[in-house]
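**Student:** Below is the file protein.cif, with mmCIF, C-alpha atoms.
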```
data_query
loop_
_atom_site.label_atom_id
_atom_site.label_comp_id
_atom_site.auth_asym_id
_atom_site.auth_seq_id
_atom_site.Cartn_x
_atom_site.Cartn_y
_atom_site.Cartn_z
CA MET R 273 8.18 18.37 -35.40
CA ALA R 274 6.55 15.18 -34.13
CA HIS R 275 4.10 15.39 -31.23
CA ARG R 276 6.00 15.27 -27.93
CA LEU R 277 5.21 12.31 -25.75
CA ASP R 278 3.94 12.60 -22.20
CA PRO R 279 7.19 12.48 -20.17
CA LEU R 280 5.40 10.52 -17.43
CA ASP R 281 3.87 8.00 -19.86
CA LEU R 282 6.28 7.46 -22.75
CA TYR R 283 4.56 4.26 -23.94
CA ASP R 284 1.05 5.77 -23.78
CA VAL R 285 -0.03 3.15 -21.25
CA ARG R 286 -3.10 5.30 -20.66
CA SER R 287 -4.34 4.34 -24.14
CA LEU R 288 -4.43 0.70 -22.98
CA LEU R 289 -6.95 1.55 -20.26
CA THR R 290 -10.71 1.34 -20.64
CA ASP R 291 -12.83 4.49 -20.42
CA GLU R 292 -13.94 3.42 -16.94
CA GLU R 293 -10.35 2.88 -15.77
CA ARG R 294 -9.33 6.31 -17.10
CA ALA R 295 -12.30 7.91 -15.32
CA VAL R 296 -11.23 6.32 -12.02
CA GLN R 297 -7.66 7.54 -12.48
CA ASP R 298 -8.81 11.06 -13.36
CA ALA R 299 -11.17 11.30 -10.36
CA VAL R 300 -8.52 10.16 -7.88
CA GLY R 301 -5.90 12.32 -9.61
CA ARG R 302 -8.07 15.43 -9.18
CA PHE R 303 -8.62 14.60 -5.51
CA VAL R 304 -4.85 14.23 -4.98
CA ASP R 305 -4.07 17.48 -6.82
CA GLU R 306 -6.75 19.53 -5.06
CA LYS R 307 -6.93 18.06 -1.55
CA VAL R 308 -3.76 16.07 -0.84
CA LEU R 309 -0.81 17.91 -2.37
CA PRO R 310 -1.57 21.28 -0.71
CA ILE R 311 -1.40 19.76 2.81
CA ILE R 312 0.70 16.60 2.66
CA GLY R 313 4.15 18.18 3.07
CA ASP R 314 3.03 19.84 6.30
CA ALA R 315 1.27 16.67 7.51
CA PHE R 316 4.47 14.66 6.91
CA GLU R 317 6.56 17.25 8.76
CA GLN R 318 4.11 17.30 11.68
CA GLY R 319 3.86 13.49 11.81
CA ARG R 320 0.10 13.72 11.33
CA PHE R 321 -2.23 11.46 9.35
CA PRO R 322 -4.70 13.72 7.47
CA ALA R 323 -7.82 12.02 8.82
CA GLU R 324 -9.97 14.83 7.39
CA LEU R 325 -9.48 13.23 3.94
CA VAL R 326 -11.03 9.87 4.88
CA SER R 327 -14.66 10.83 4.21
CA GLU R 328 -13.80 12.05 0.71
CA ILE R 329 -11.68 8.96 0.00
CA ALA R 330 -14.74 6.90 1.00
CA SER R 331 -17.19 9.00 -1.02
CA LEU R 332 -15.06 8.41 -4.15
CA GLY R 333 -15.57 4.66 -3.65
CA LEU R 334 -11.88 3.98 -2.98
CA LEU R 335 -12.29 1.75 0.10
CA GLY R 336 -12.83 -1.89 -0.79
CA ALA R 337 -13.13 -0.67 -4.38
CA THR R 338 -13.04 -4.15 -5.95
CA LEU R 339 -15.61 -5.75 -3.63
CA PRO R 340 -19.21 -6.27 -4.81
CA GLU R 341 -21.80 -3.50 -4.81
CA GLU R 342 -24.17 -5.61 -2.68
CA TYR R 343 -21.88 -4.81 0.27
CA GLY R 344 -21.81 -1.09 -0.43
CA CYS R 345 -18.58 -1.25 -2.42
CA ALA R 346 -17.77 0.02 -5.92
CA GLY R 347 -17.28 -3.32 -7.71
CA MET R 348 -14.30 -2.06 -9.74
CA ASN R 349 -11.78 -4.27 -11.53
CA ALA R 350 -8.21 -4.89 -10.35
CA VAL R 351 -6.64 -2.42 -12.79
CA SER R 352 -8.87 0.36 -11.43
CA TYR R 353 -7.76 -0.51 -7.90
CA GLY R 354 -4.14 -0.35 -9.09
CA LEU R 355 -4.71 3.10 -10.57
CA ILE R 356 -6.28 4.24 -7.28
CA CYS R 357 -3.10 3.14 -5.48
CA GLN R 358 -0.91 4.85 -8.10
CA GLU R 359 -2.67 8.19 -7.75
CA LEU R 360 -2.91 8.07 -3.94
CA GLU R 361 0.82 7.33 -3.66
CA ARG R 362 1.56 10.17 -6.08
CA GLY R 363 0.20 12.14 -3.13
CA ASP R 364 1.91 10.17 -0.36
CA SER R 365 2.68 6.54 0.51
CA GLY R 366 0.95 7.05 3.87
CA LEU R 367 -2.36 7.78 2.20
CA ARG R 368 -2.06 4.77 -0.11
CA SER R 369 -1.09 2.64 2.91
CA PHE R 370 -4.28 3.72 4.67
CA ALA R 371 -6.42 2.70 1.68
CA SER R 372 -4.43 -0.53 1.11
CA VAL R 373 -4.87 -1.68 4.69
CA GLN R 374 -8.56 -0.80 4.82
CA SER R 375 -9.30 -2.43 1.44
CA SER R 376 -6.92 -5.36 0.96
CA LEU R 377 -6.00 -6.34 4.50
CA CYS R 378 -9.26 -5.70 6.40
CA MET R 379 -12.24 -5.63 4.05
CA TYR R 380 -10.88 -8.37 1.77
CA PRO R 381 -10.48 -11.03 4.53
CA ILE R 382 -13.96 -10.29 5.87
CA PHE R 383 -15.28 -10.71 2.31
CA ALA R 384 -13.17 -13.77 1.44
CA TYR R 385 -13.08 -15.61 4.79
CA GLY R 386 -15.90 -14.11 6.84
CA SER R 387 -19.45 -15.21 7.55
CA GLU R 388 -22.38 -13.58 5.77
CA GLU R 389 -23.23 -11.84 9.07
CA GLN R 390 -19.71 -10.40 9.33
CA LYS R 391 -19.85 -9.16 5.72
CA ARG R 392 -23.21 -7.44 6.26
CA GLU R 393 -22.16 -5.95 9.58
CA TYR R 394 -18.80 -4.51 8.57
CA LEU R 395 -18.27 -4.07 4.82
CA PRO R 396 -20.83 -1.31 4.08
CA ARG R 397 -19.65 0.75 7.06
CA MET R 398 -16.00 0.19 6.16
CA ALA R 399 -16.65 1.25 2.56
CA ALA R 400 -18.24 4.43 3.94
CA GLY R 401 -15.19 5.12 6.11
CA GLU R 402 -17.29 4.86 9.27
CA VAL R 403 -15.39 1.79 10.54
CA ILE R 404 -11.60 1.79 10.12
CA GLY R 405 -9.65 -1.46 10.28
CA CYS R 406 -6.09 -2.55 10.98
CA PHE R 407 -4.36 -5.86 10.20
CA GLY R 408 -2.52 -7.68 12.97
CA LEU R 409 -0.04 -10.17 11.52
CA THR R 410 3.55 -8.91 12.02
CA GLU R 411 4.99 -9.46 15.49
CA PRO R 412 7.81 -7.68 17.36
CA HIS R 413 10.29 -10.57 17.13
CA GLY R 414 10.20 -10.95 13.35
CA GLY R 415 8.26 -9.91 10.27
CA SER R 416 9.47 -12.13 7.43
CA ASP R 417 8.61 -15.40 9.22
CA PRO R 418 4.90 -15.21 10.05
CA ALA R 419 4.70 -18.96 10.78
CA ASN R 420 6.74 -18.25 13.93
CA MET R 421 3.68 -16.57 15.46
CA LYS R 422 3.56 -16.13 19.23
CA THR R 423 0.08 -14.56 19.56
CA THR R 424 -2.38 -17.24 20.70
CA ALA R 425 -6.14 -17.68 20.82
CA ARG R 426 -7.55 -20.43 23.04
CA GLN R 427 -11.12 -21.57 23.27
CA ASP R 428 -12.92 -20.98 26.54
CA GLY R 429 -16.51 -22.19 26.33
CA GLY R 430 -18.14 -20.30 23.46
CA ASP R 431 -15.42 -17.60 23.49
CA TRP R 432 -11.84 -17.18 22.36
CA VAL R 433 -9.19 -15.57 24.59
CA ILE R 434 -6.36 -13.83 22.72
CA ASN R 435 -2.91 -13.05 24.17
CA GLY R 436 0.16 -11.59 22.47
CA ALA R 437 1.44 -8.55 20.60
CA LYS R 438 1.64 -7.23 17.04
CA MET R 439 4.01 -4.56 15.70
CA TRP R 440 4.28 -2.06 12.79
CA ILE R 441 0.50 -2.01 12.37
CA THR R 442 -0.77 0.70 10.00
CA ASN R 443 -3.98 2.43 11.24
CA GLY R 444 -3.59 0.78 14.68
CA ASN R 445 -4.59 3.82 16.73
CA LEU R 446 -7.25 4.90 14.22
CA ALA R 447 -8.93 1.51 13.98
CA HIS R 448 -12.34 0.48 15.27
CA ILE R 449 -11.63 -3.17 14.48
CA ALA R 450 -8.47 -5.25 14.14
CA ILE R 451 -8.15 -8.32 11.94
CA VAL R 452 -5.96 -10.40 14.25
CA TRP R 453 -4.18 -13.61 13.28
CA ALA R 454 -3.36 -15.99 16.12
CA GLN R 455 -2.14 -19.54 16.75
CA THR R 456 -4.89 -21.88 17.89
CA ASP R 457 -4.95 -25.62 18.62
CA ASP R 458 -6.33 -25.91 15.08
CA GLY R 459 -3.70 -23.82 13.29
CA ILE R 460 -3.55 -20.08 12.56
CA GLN R 461 -6.97 -18.41 12.53
CA GLY R 462 -8.26 -14.87 12.04
CA PHE R 463 -10.51 -12.84 14.36
CA VAL R 464 -12.38 -9.54 13.98
CA VAL R 465 -11.59 -7.80 17.26
CA PRO R 466 -13.29 -4.49 18.15
CA THR R 467 -10.56 -2.21 19.49
CA ASP R 468 -12.68 -1.19 22.49
CA THR R 469 -12.61 -4.80 23.77
CA LYS R 470 -11.26 -5.12 27.32
CA GLY R 471 -7.56 -6.03 27.35
CA PHE R 472 -6.84 -4.55 23.89
CA THR R 473 -4.42 -1.62 23.70
CA ALA R 474 -2.79 0.16 20.77
CA GLN R 475 0.36 2.22 21.20
CA GLU R 476 1.43 4.61 18.45
CA VAL R 477 5.02 4.37 17.17
CA HIS R 478 6.79 7.74 17.30
CA LYS R 479 10.21 9.01 16.14
CA LYS R 480 9.54 7.69 12.62
CA MET R 481 11.54 9.15 9.72
CA SER R 482 9.30 7.40 7.18
CA LEU R 483 5.52 7.25 6.61
CA ARG R 484 5.15 10.21 8.95
CA ALA R 485 1.72 11.05 7.50
CA SER R 486 0.51 7.59 8.54
CA VAL R 487 -0.45 6.00 11.87
CA THR R 488 1.80 3.07 12.86
CA SER R 489 1.15 1.17 16.09
CA GLY R 490 1.93 -1.74 18.32
CA LEU R 491 -1.09 -3.83 19.37
CA PHE R 492 -1.24 -5.64 22.71
CA PHE R 493 -3.68 -8.39 23.75
CA ASP R 494 -4.07 -9.21 27.43
CA ASP R 495 -6.76 -11.88 27.81
CA VAL R 496 -8.85 -10.25 25.07
CA ARG R 497 -12.12 -12.19 25.00
CA VAL R 498 -14.25 -12.39 21.85
CA PRO R 499 -17.20 -14.64 20.94
CA ASP R 500 -16.83 -17.38 18.33
CA SER R 501 -18.87 -15.16 15.98
CA ALA R 502 -15.75 -12.91 15.77
CA ARG R 503 -13.72 -15.72 14.18
CA LEU R 504 -13.29 -15.73 10.38
CA PRO R 505 -14.84 -19.17 9.74
CA ASN R 506 -13.74 -19.88 6.19
CA VAL R 507 -9.94 -20.14 6.37
CA LYS R 508 -7.30 -21.83 8.51
CA GLY R 509 -3.52 -21.69 8.34
CA LEU R 510 -1.09 -19.16 6.90
CA LYS R 511 -2.87 -19.10 3.55
CA GLY R 512 -5.41 -16.74 5.21
CA PRO R 513 -3.10 -13.83 5.99
CA LEU R 514 -0.87 -14.55 2.98
CA GLY R 515 -3.92 -14.34 0.71
CA CYS R 516 -4.62 -10.87 2.11
CA LEU R 517 -1.00 -9.81 1.63
CA ASN R 518 -1.11 -10.89 -2.00
CA GLN R 519 -4.10 -8.56 -2.53
CA ALA R 520 -2.25 -5.67 -0.89
CA ARG R 521 1.05 -6.32 -2.67
CA PHE R 522 -0.76 -6.09 -5.98
CA GLY R 523 -1.73 -2.50 -5.12
CA ILE R 524 1.77 -1.81 -3.83
CA THR R 525 3.21 -2.60 -7.27
CA TRP R 526 1.17 0.32 -8.64
CA GLY R 527 1.62 2.82 -5.81
CA PRO R 528 5.36 3.52 -6.23
CA ILE R 529 4.79 4.33 -9.91
CA GLY R 530 2.84 7.36 -8.68
CA ALA R 531 5.61 8.33 -6.24
CA ALA R 532 8.22 8.05 -9.00
CA GLN R 533 6.10 10.10 -11.41
CA ALA R 534 5.70 12.83 -8.79
CA CYS R 535 9.46 13.01 -8.30
CA LEU R 536 10.21 12.93 -12.03
CA LYS R 537 7.67 15.65 -12.83
CA GLU R 538 9.06 17.85 -10.09
CA VAL R 539 12.66 17.45 -11.27
CA LEU R 540 11.72 18.01 -14.94
CA ASP R 541 10.13 21.34 -13.98
CA TYR R 542 13.03 22.28 -11.73
CA SER R 543 15.81 21.36 -14.17
CA SER R 544 14.21 23.36 -17.00
CA GLN R 545 14.06 26.52 -14.83
CA ARG R 546 17.28 26.23 -12.80
CA ILE R 547 20.07 28.11 -14.61
CA LEU R 548 23.62 26.96 -13.92
CA PHE R 549 26.69 28.10 -15.90
CA GLY R 550 24.48 30.11 -18.23
CA ARG R 551 22.04 27.39 -19.28
CA PRO R 552 19.21 25.32 -17.83
CA LEU R 553 20.22 22.30 -15.76
CA ALA R 554 18.14 20.22 -18.21
CA ALA R 555 20.59 21.09 -21.03
CA ASN R 556 23.33 19.19 -19.23
CA GLN R 557 24.10 15.77 -20.75
CA ALA R 558 24.61 14.09 -17.39
CA VAL R 559 21.22 15.32 -16.18
CA GLN R 560 19.43 14.24 -19.38
CA ILE R 561 20.90 10.74 -19.11
CA ARG R 562 19.66 10.48 -15.53
CA LEU R 563 16.19 11.73 -16.51
CA ALA R 564 16.06 9.30 -19.43
CA ASP R 565 16.97 6.43 -17.12
CA MET R 566 14.14 7.42 -14.77
CA ALA R 567 11.68 7.43 -17.66
CA ARG R 568 12.90 4.00 -18.79
CA ARG R 569 12.35 2.57 -15.34
CA VAL R 570 8.93 4.19 -14.83
CA THR R 571 7.78 2.86 -18.21
CA THR R 572 8.94 -0.67 -17.38
CA ALA R 573 7.07 -0.54 -14.07
CA GLN R 574 3.88 0.76 -15.71
CA LEU R 575 3.83 -2.13 -18.17
CA LEU R 576 4.59 -4.70 -15.44
CA SER R 577 1.71 -3.54 -13.28
CA LEU R 578 -0.76 -3.20 -16.13
CA GLN R 579 -0.10 -6.78 -17.27
CA LEU R 580 -0.30 -7.90 -13.63
CA GLY R 581 -3.73 -6.23 -13.41
CA ARG R 582 -4.93 -7.87 -16.61
CA LEU R 583 -3.79 -11.28 -15.28
CA LYS R 584 -5.58 -10.62 -11.98
CA ASP R 585 -8.80 -9.62 -13.74
CA ALA R 586 -8.56 -12.77 -15.86
CA GLY R 587 -8.16 -14.91 -12.71
CA ARG R 588 -4.68 -16.05 -13.74
CA LEU R 589 -2.48 -14.14 -11.30
CA GLN R 590 0.30 -16.07 -9.54
CA PRO R 591 1.96 -14.82 -6.31
CA THR R 592 5.44 -14.98 -7.90
CA GLN R 593 4.29 -12.47 -10.53
CA VAL R 594 3.27 -10.08 -7.75
CA SER R 595 6.65 -10.58 -6.05
CA LEU R 596 8.53 -9.70 -9.24
CA ALA R 597 6.57 -6.47 -9.70
CA LYS R 598 6.72 -5.47 -6.01
CA TRP R 599 10.50 -5.95 -6.04
CA ASN R 600 11.05 -4.14 -9.35
CA ASN R 601 8.65 -1.25 -8.89
CA VAL R 602 9.49 -0.28 -5.32
CA ARG R 603 13.22 -0.46 -6.06
CA MET R 604 12.60 1.66 -9.17
CA ALA R 605 10.74 4.34 -7.22
CA LEU R 606 13.21 4.45 -4.32
CA ASP R 607 16.17 4.88 -6.70
CA ILE R 608 14.35 7.60 -8.65
CA ALA R 609 13.30 9.49 -5.51
CA ARG R 610 16.88 9.49 -4.24
CA ASP R 611 18.27 10.60 -7.61
CA CYS R 612 15.67 13.37 -7.92
CA ARG R 613 16.59 14.57 -4.44
CA ASP R 614 20.20 14.81 -5.63
CA ILE R 615 19.34 16.74 -8.81
CA LEU R 616 17.34 19.21 -6.70
CA GLY R 617 20.52 19.94 -4.74
CA GLY R 618 20.10 21.60 -1.37
CA ALA R 619 16.47 22.40 -2.18
CA GLY R 620 15.80 18.65 -2.25
CA ILE R 621 16.13 18.17 1.50
CA THR R 622 13.01 20.14 2.46
CA THR R 623 9.37 19.09 2.29
CA GLU R 624 8.79 22.08 -0.05
CA HIS R 625 9.74 19.47 -2.65
CA SER R 626 8.35 15.93 -2.66
CA ALA R 627 11.48 13.87 -3.45
CA ILE R 628 12.87 13.53 0.09
CA ARG R 629 9.40 12.71 1.46
CA HIS R 630 8.84 10.02 -1.17
CA ALA R 631 12.38 8.65 -0.68
CA LEU R 632 11.87 8.35 3.08
CA ASN R 633 8.42 6.77 2.66
CA LEU R 634 9.70 4.25 0.14
CA GLU R 635 12.27 3.04 2.68
CA SER R 636 9.23 1.57 4.48
CA VAL R 637 7.44 0.39 1.33
CA ILE R 638 10.49 -1.63 0.25
CA THR R 639 10.43 -3.36 3.66
CA TYR R 640 6.76 -3.97 4.36
CA GLU R 641 4.57 -6.69 2.85
CA GLY R 642 7.65 -8.73 2.03
CA THR R 643 11.15 -7.25 2.02
CA GLU R 644 12.99 -6.91 -1.28
CA THR R 645 15.08 -9.98 -0.33
CA VAL R 646 12.00 -12.08 0.39
CA HIS R 647 10.51 -11.26 -3.01
CA GLN R 648 13.82 -12.03 -4.74
CA LEU R 649 13.83 -15.43 -3.04
CA VAL R 650 10.20 -16.07 -4.04
CA VAL R 651 11.23 -15.53 -7.68
CA GLY R 652 14.33 -17.67 -7.15
CA ARG R 653 12.21 -20.49 -5.75
CA GLU R 654 9.93 -20.30 -8.80
CA LEU R 655 12.93 -20.51 -11.15
CA THR R 656 14.74 -23.36 -9.40
CA GLY R 657 12.08 -25.24 -7.47
CA ILE R 658 14.31 -24.94 -4.37
CA ASN R 659 13.21 -23.03 -1.26
CA ALA R 660 16.19 -20.97 -0.02
CA PHE R 661 14.37 -19.23 2.86
#
```
What does this structure look like when you write it as structure tokens?

**Tutor:**
Amino acid sequence: MAHRLDPLDLYDVRSLLTDEERAVQDAVGRFVDEKVLPIIGDAFEQGRFPAELVSEIASLGLLGATLPEEYGCAGMNAVSYGLICQELERGDSGLRSFASVQSSLCMYPIFAYGSEEQKREYLPRMAAGEVIGCFGLTEPHGGSDPANMKTTARQDGGDWVINGAKMWITNGNLAHIAIVWAQTDDGIQGFVVPTDTKGFTAQEVHKKMSLRASVTSGLFFDDVRVPDSARLPNVKGLKGPLGCLNQARFGITWGPIGAAQACLKEVLDYSSQRILFGRPLAANQAVQIRLADMARRVTTAQLLSLQLGRLKDAGRLQPTQVSLAKWNNVRMALDIARDCRDILGGAGITTEHSAIRHALNLESVITYEGTETVHQLVVGRELTGINAF
């Protein structure tokens, strides 16, 4: 009989990775298996971010992984960063969200738009997990239209005074600094705001049914005064925050692959052992067709993200390509998590199994960093040349 394929990698995508990329995936995979999976169901149930894992995440080089070594970062390529996201989300979307925000939304803008002094001050300590960041873009009155920003920063002598509010901010109550985007007389600008600045408050969002093992907050600015040295000097306008989001969305195309693989592996094990009507559930045609469809969709997503990573590493990535993969891959994972929950039957509704946790988390992932509809319209605009927003 022919060698059986890996059910989680039918196209042997792993063979397309370099030795270094495989080593990164294996190291993060071991960390997830040994440190994350034993505690994450309980953390989700308790609504607790497992902050005790941050130092090990940092020591593995996972924070700001693609930034240069001169700033204390690992200098990895984009595909390696994608694999980090995939393995972390195989553990839990909340953990991948933490790393995404720290790396793509906080460290990246300091690197790309910040002064040399800002880079030297923050990036090494952020890579070490000593300084945690959050990203203040979304506001309470609307997420998909960031140009309609109400938070303002006005110049007062050599300082800036910030007023306004941000909402749905991952890491908000953990953060030592906030990357805050505000309207100024000279367009939208970014500021690095220490969270102990007078007038800054963060309020944690409770009663969440999704991303429970993650900190989500509202941020409030009441005459928050920062010096001009806190301003990110090298970008103005929406292209600043949107550039950060494109970095994060790239990782988000990879993350849900891990969530889907976790659900598929769990249901493959379960269906081979669960005996119904005298035979394993896996011997049922209807179940096999559903499992095959999951494998088809996981494989498609793997190939999309790998090509996306190769384009990014070649400097040829276009935002529309990220939108297509974010839309496809998150939808894929959400559908698979829900279907796996169903195959697990009653057992599927507890956190003893991962499917319901992943399904609930993915309800947030499909909304944040561009809703599914927004990404569909980005692709539509590329195809037609007409903006339908």

**Student:** Which polymer residues, whether protein, DNA or RNA, lie within 10 Å of the coordinate (9.2, 5.6, 11.2) when you count all atoms listed in the file? List them as a PDB file with C-alpha atoms, in the frame of the given file, using the chain letters and numbers from the file.

**Tutor:**
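Here's the written file part.pdb:
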```pdb
ATOM      1  CA  GLY R 319       3.860  13.490  11.810  1.00  0.00           C
ATOM      2  CA  TRP R 440       4.280  -2.060  12.790  1.00  0.00           C
ATOM      3  CA  VAL R 477       5.020   4.370  17.170  1.00  0.00           C
ATOM      4  CA  HIS R 478       6.790   7.740  17.300  1.00  0.00           C
ATOM      5  CA  LYS R 479      10.210   9.010  16.140  1.00  0.00           C
ATOM      6  CA  LYS R 480       9.540   7.690  12.620  1.00  0.00           C
ATOM      7  CA  MET R 481      11.540   9.150   9.720  1.00  0.00           C
ATOM      8  CA  SER R 482       9.300   7.400   7.180  1.00  0.00           C
ATOM      9  CA  LEU R 483       5.520   7.250   6.610  1.00  0.00           C
ATOM     10  CA  ARG R 484       5.150  10.210   8.950  1.00  0.00           C
ATOM     11  CA  ALA R 485       1.720  11.050   7.500  1.00  0.00           C
ATOM     12  CA  SER R 486       0.510   7.590   8.540  1.00  0.00           C
ATOM     13  CA  VAL R 487      -0.450   6.000  11.870  1.00  0.00           C
ATOM     14  CA  THR R 488       1.800   3.070  12.860  1.00  0.00           C
ATOM     15  CA  LEU R 632      11.870   8.350   3.080  1.00  0.00           C
ATOM     16  CA  ASN R 633       8.420   6.770   2.660  1.00  0.00           C
ATOM     17  CA  GLU R 635      12.270   3.040   2.680  1.00  0.00           C
ATOM     18  CA  SER R 636       9.230   1.570   4.480  1.00  0.00           C
TER      19      SER R 636
END
```

**Student:** Report the residues retrieved by the PyMOL selection byres ((chain R and resi 283) around 12) from the displayed file, expressed as a PyMOL selection string.

**Tutor:** chain R and resi 276-282+284-288+567-575

**Student:** Point out the residue among R:Ser352, R:Gln519, R:Ser626, R:Ser489 with the least atom-to-atom distance to Ile312 of chain R, counting all atoms listed in the file.

**Tutor:**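 The answer is R:Ser626, which sits nearest to Ile312 of chain R.
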
**Student:** Rounded to one decimal place, report the atom CA of Ser595 of chain R-atom CA of Glu641 of chain R distance in Å.

**Tutor:**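 Atom-to-atom, atom CA of Ser595 of chain R and atom CA of Glu641 of chain R are spaced 9.9 Å apart.
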
**Student:** Any idea what the distance is between atom CA of Ile608 of chain R and atom CA of Val539 of chain R?

**Tutor:**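 Computed distance, atom CA of Ile608 of chain R to atom CA of Val539 of chain R, equals 10.3 Å.
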
**Student:** Spell out the residues picked by the PyMOL selection byres ((chain R and resi 455-457) around 12) here, as a VMD selection string.

**Tutor:** chain R and resid 409 418 to 428 432 to 436 452 to 454 458 to 463 503 508 to 510

**Student:** Between R:Gly415, R:Gly550, R:Gly408, R:Gly354, which residue has the minimum interatomic distance to Ala520 of chain R, considering all atoms listed in the file?

**Tutor:** R:Gly354

**Student:** For a test of reading the model, state the distance in Å between atom CA of Asp494 of chain R and atom CA of Pro513 of chain R, rounded to one decimal.

**Tutor:** 22.0 Å

**Student:** Might you spell out which residues the PyMOL selection byres ((chain R and resi 450) around 6) would select in the displayed file, as a ChimeraX atom specification?

**Tutor:** /R:405-407,449,451-452,464-465

**Student:** What's the 12 Å shell around Thr645 of chain R, counting all atoms listed in the file, without same-chain residues fewer than 2 positions away, as a ChimeraX atom specification?

**Tutor:** /R:416,595-596,598-600,603,638-643,647-652,660-661

**Student:** Write the residues of the selection above to a file with C-alpha atoms, as a tab-separated table (two decimals), keeping the file's coordinate frame.

**Tutor:**
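Final output, out-v2.tsv:
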```tsv
chain	number	residue	atom	x	y	z
R	416	SER	CA	9.47	-12.13	7.43
R	595	SER	CA	6.65	-10.58	-6.05
R	596	LEU	CA	8.53	-9.70	-9.24
R	598	LYS	CA	6.72	-5.47	-6.01
R	599	TRP	CA	10.50	-5.95	-6.04
R	600	ASN	CA	11.05	-4.14	-9.35
R	603	ARG	CA	13.22	-0.46	-6.06
R	638	ILE	CA	10.49	-1.63	0.25
R	639	THR	CA	10.43	-3.36	3.66
R	640	TYR	CA	6.76	-3.97	4.36
R	641	GLU	CA	4.57	-6.69	2.85
R	642	GLY	CA	7.65	-8.73	2.03
R	643	THR	CA	11.15	-7.25	2.02
R	647	HIS	CA	10.51	-11.26	-3.01
R	648	GLN	CA	13.82	-12.03	-4.74
R	649	LEU	CA	13.83	-15.43	-3.04
R	650	VAL	CA	10.20	-16.07	-4.04
R	651	VAL	CA	11.23	-15.53	-7.68
R	652	GLY	CA	14.33	-17.67	-7.15
R	660	ALA	CA	16.19	-20.97	-0.02
R	661	PHE	CA	14.37	-19.23	2.86
```

**Student:** Give as a PyMOL selection string the set of residues within 6 Å of the point (8.9, 1.8, -6.7), where distances use the file's coordinates and all atoms listed in the file.

**Tutor:** chain R and resi 528-529+601-606

**Student:** Choose the residue, out of R:Leu339, R:Val594, R:Arg610, R:Ser331, that has the smallest atom-to-atom separation from Ala384 of chain R; count only C-alpha atoms.

**Tutor:**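 Using only C-alpha atoms, the shortest distance to Ala384 of chain R belongs to R:Leu339.
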
**Student:** Ranking R:Val351, R:Leu334, R:Val646, R:Leu360 by minimum distance to Val308 of chain R and counting only C-alpha atoms, which one comes first?

**Tutor:** R:Leu360

**Student:** Looking at R:Glu361, R:Gly429, R:Cys345, R:Ala474, which one is nearest to Asn445 of chain R, with distances taken over all atoms listed in the file?

**Tutor:** R:Ala474

**Student:** Which neighbours of Thr623 of chain R fall inside 10 Å, counting all atoms listed in the file, when residues of the same chain fewer than 5 positions from it are skipped, and could you give them as a ChimeraX atom specification?

**Tutor:** /R:312-317,628-630

**Student:** Determine the nearest neighbour of Asp500 of chain R from the options R:Ser387, R:Gly430, R:Ala627, R:Glu402, counting only C-alpha atoms.

**Tutor:** R:Gly430

**Student:** Can you pull out every residue within 12 Å of segment 556-558 of chain R, counting all atoms listed in the file, but drop anything in the same chain fewer than 6 positions away, and send it as a PyMOL selection string?

**Tutor:** chain R and resi 543-544+546-550+564-565+615

**Student:** Residues at most 6 Å from Gly471 of chain R, counting all atoms listed in the file, excluding those fewer than 5 positions away in the same chain, as a ChimeraX atom specification?

**Tutor:** /R:493-496

**Student:** Give me the residues within 12 Å of Arg397 of chain R as a PyMOL selection string, counting only C-alpha atoms and dropping any in the same chain fewer than 4 places off.

**Tutor:** chain R and resi 327+330-331+335-336+343-345+374+379+390-393+401-405+448-449

**Student:** With C-alpha atoms as the atom set, please write segment 276-292 of chain R from the structure just given, as a short mmCIF file (atom, residue, chain, number, x, y, z; two decimals), in the first residue's frame.

**Tutor:**
```cif
data_model
loop_
_atom_site.label_atom_id
_atom_site.label_comp_id
_atom_site.auth_asym_id
_atom_site.auth_seq_id
_atom_site.Cartn_x
_atom_site.Cartn_y
_atom_site.Cartn_z
CA ARG R 276 -0.33 7.52 3.69
CA LEU R 277 -0.22 11.26 3.43
CA ASP R 278 -0.21 13.57 6.43
CA PRO R 279 -3.94 14.31 6.90
CA LEU R 280 -3.11 17.87 7.96
CA ASP R 281 -0.78 18.50 4.99
CA LEU R 282 -2.08 16.57 1.98
CA TYR R 283 0.03 18.53 -0.53
CA ASP R 284 3.24 18.21 1.52
CA VAL R 285 3.50 21.99 1.81
CA ARG R 286 6.14 21.40 4.47
CA SER R 287 8.49 20.14 1.74
CA LEU R 288 8.29 23.60 0.13
CA LEU R 289 9.74 25.22 3.25
CA THR R 290 13.42 25.88 3.85
CA ASP R 291 15.26 24.12 6.67
CA GLU R 292 15.18 27.35 8.66
#
```
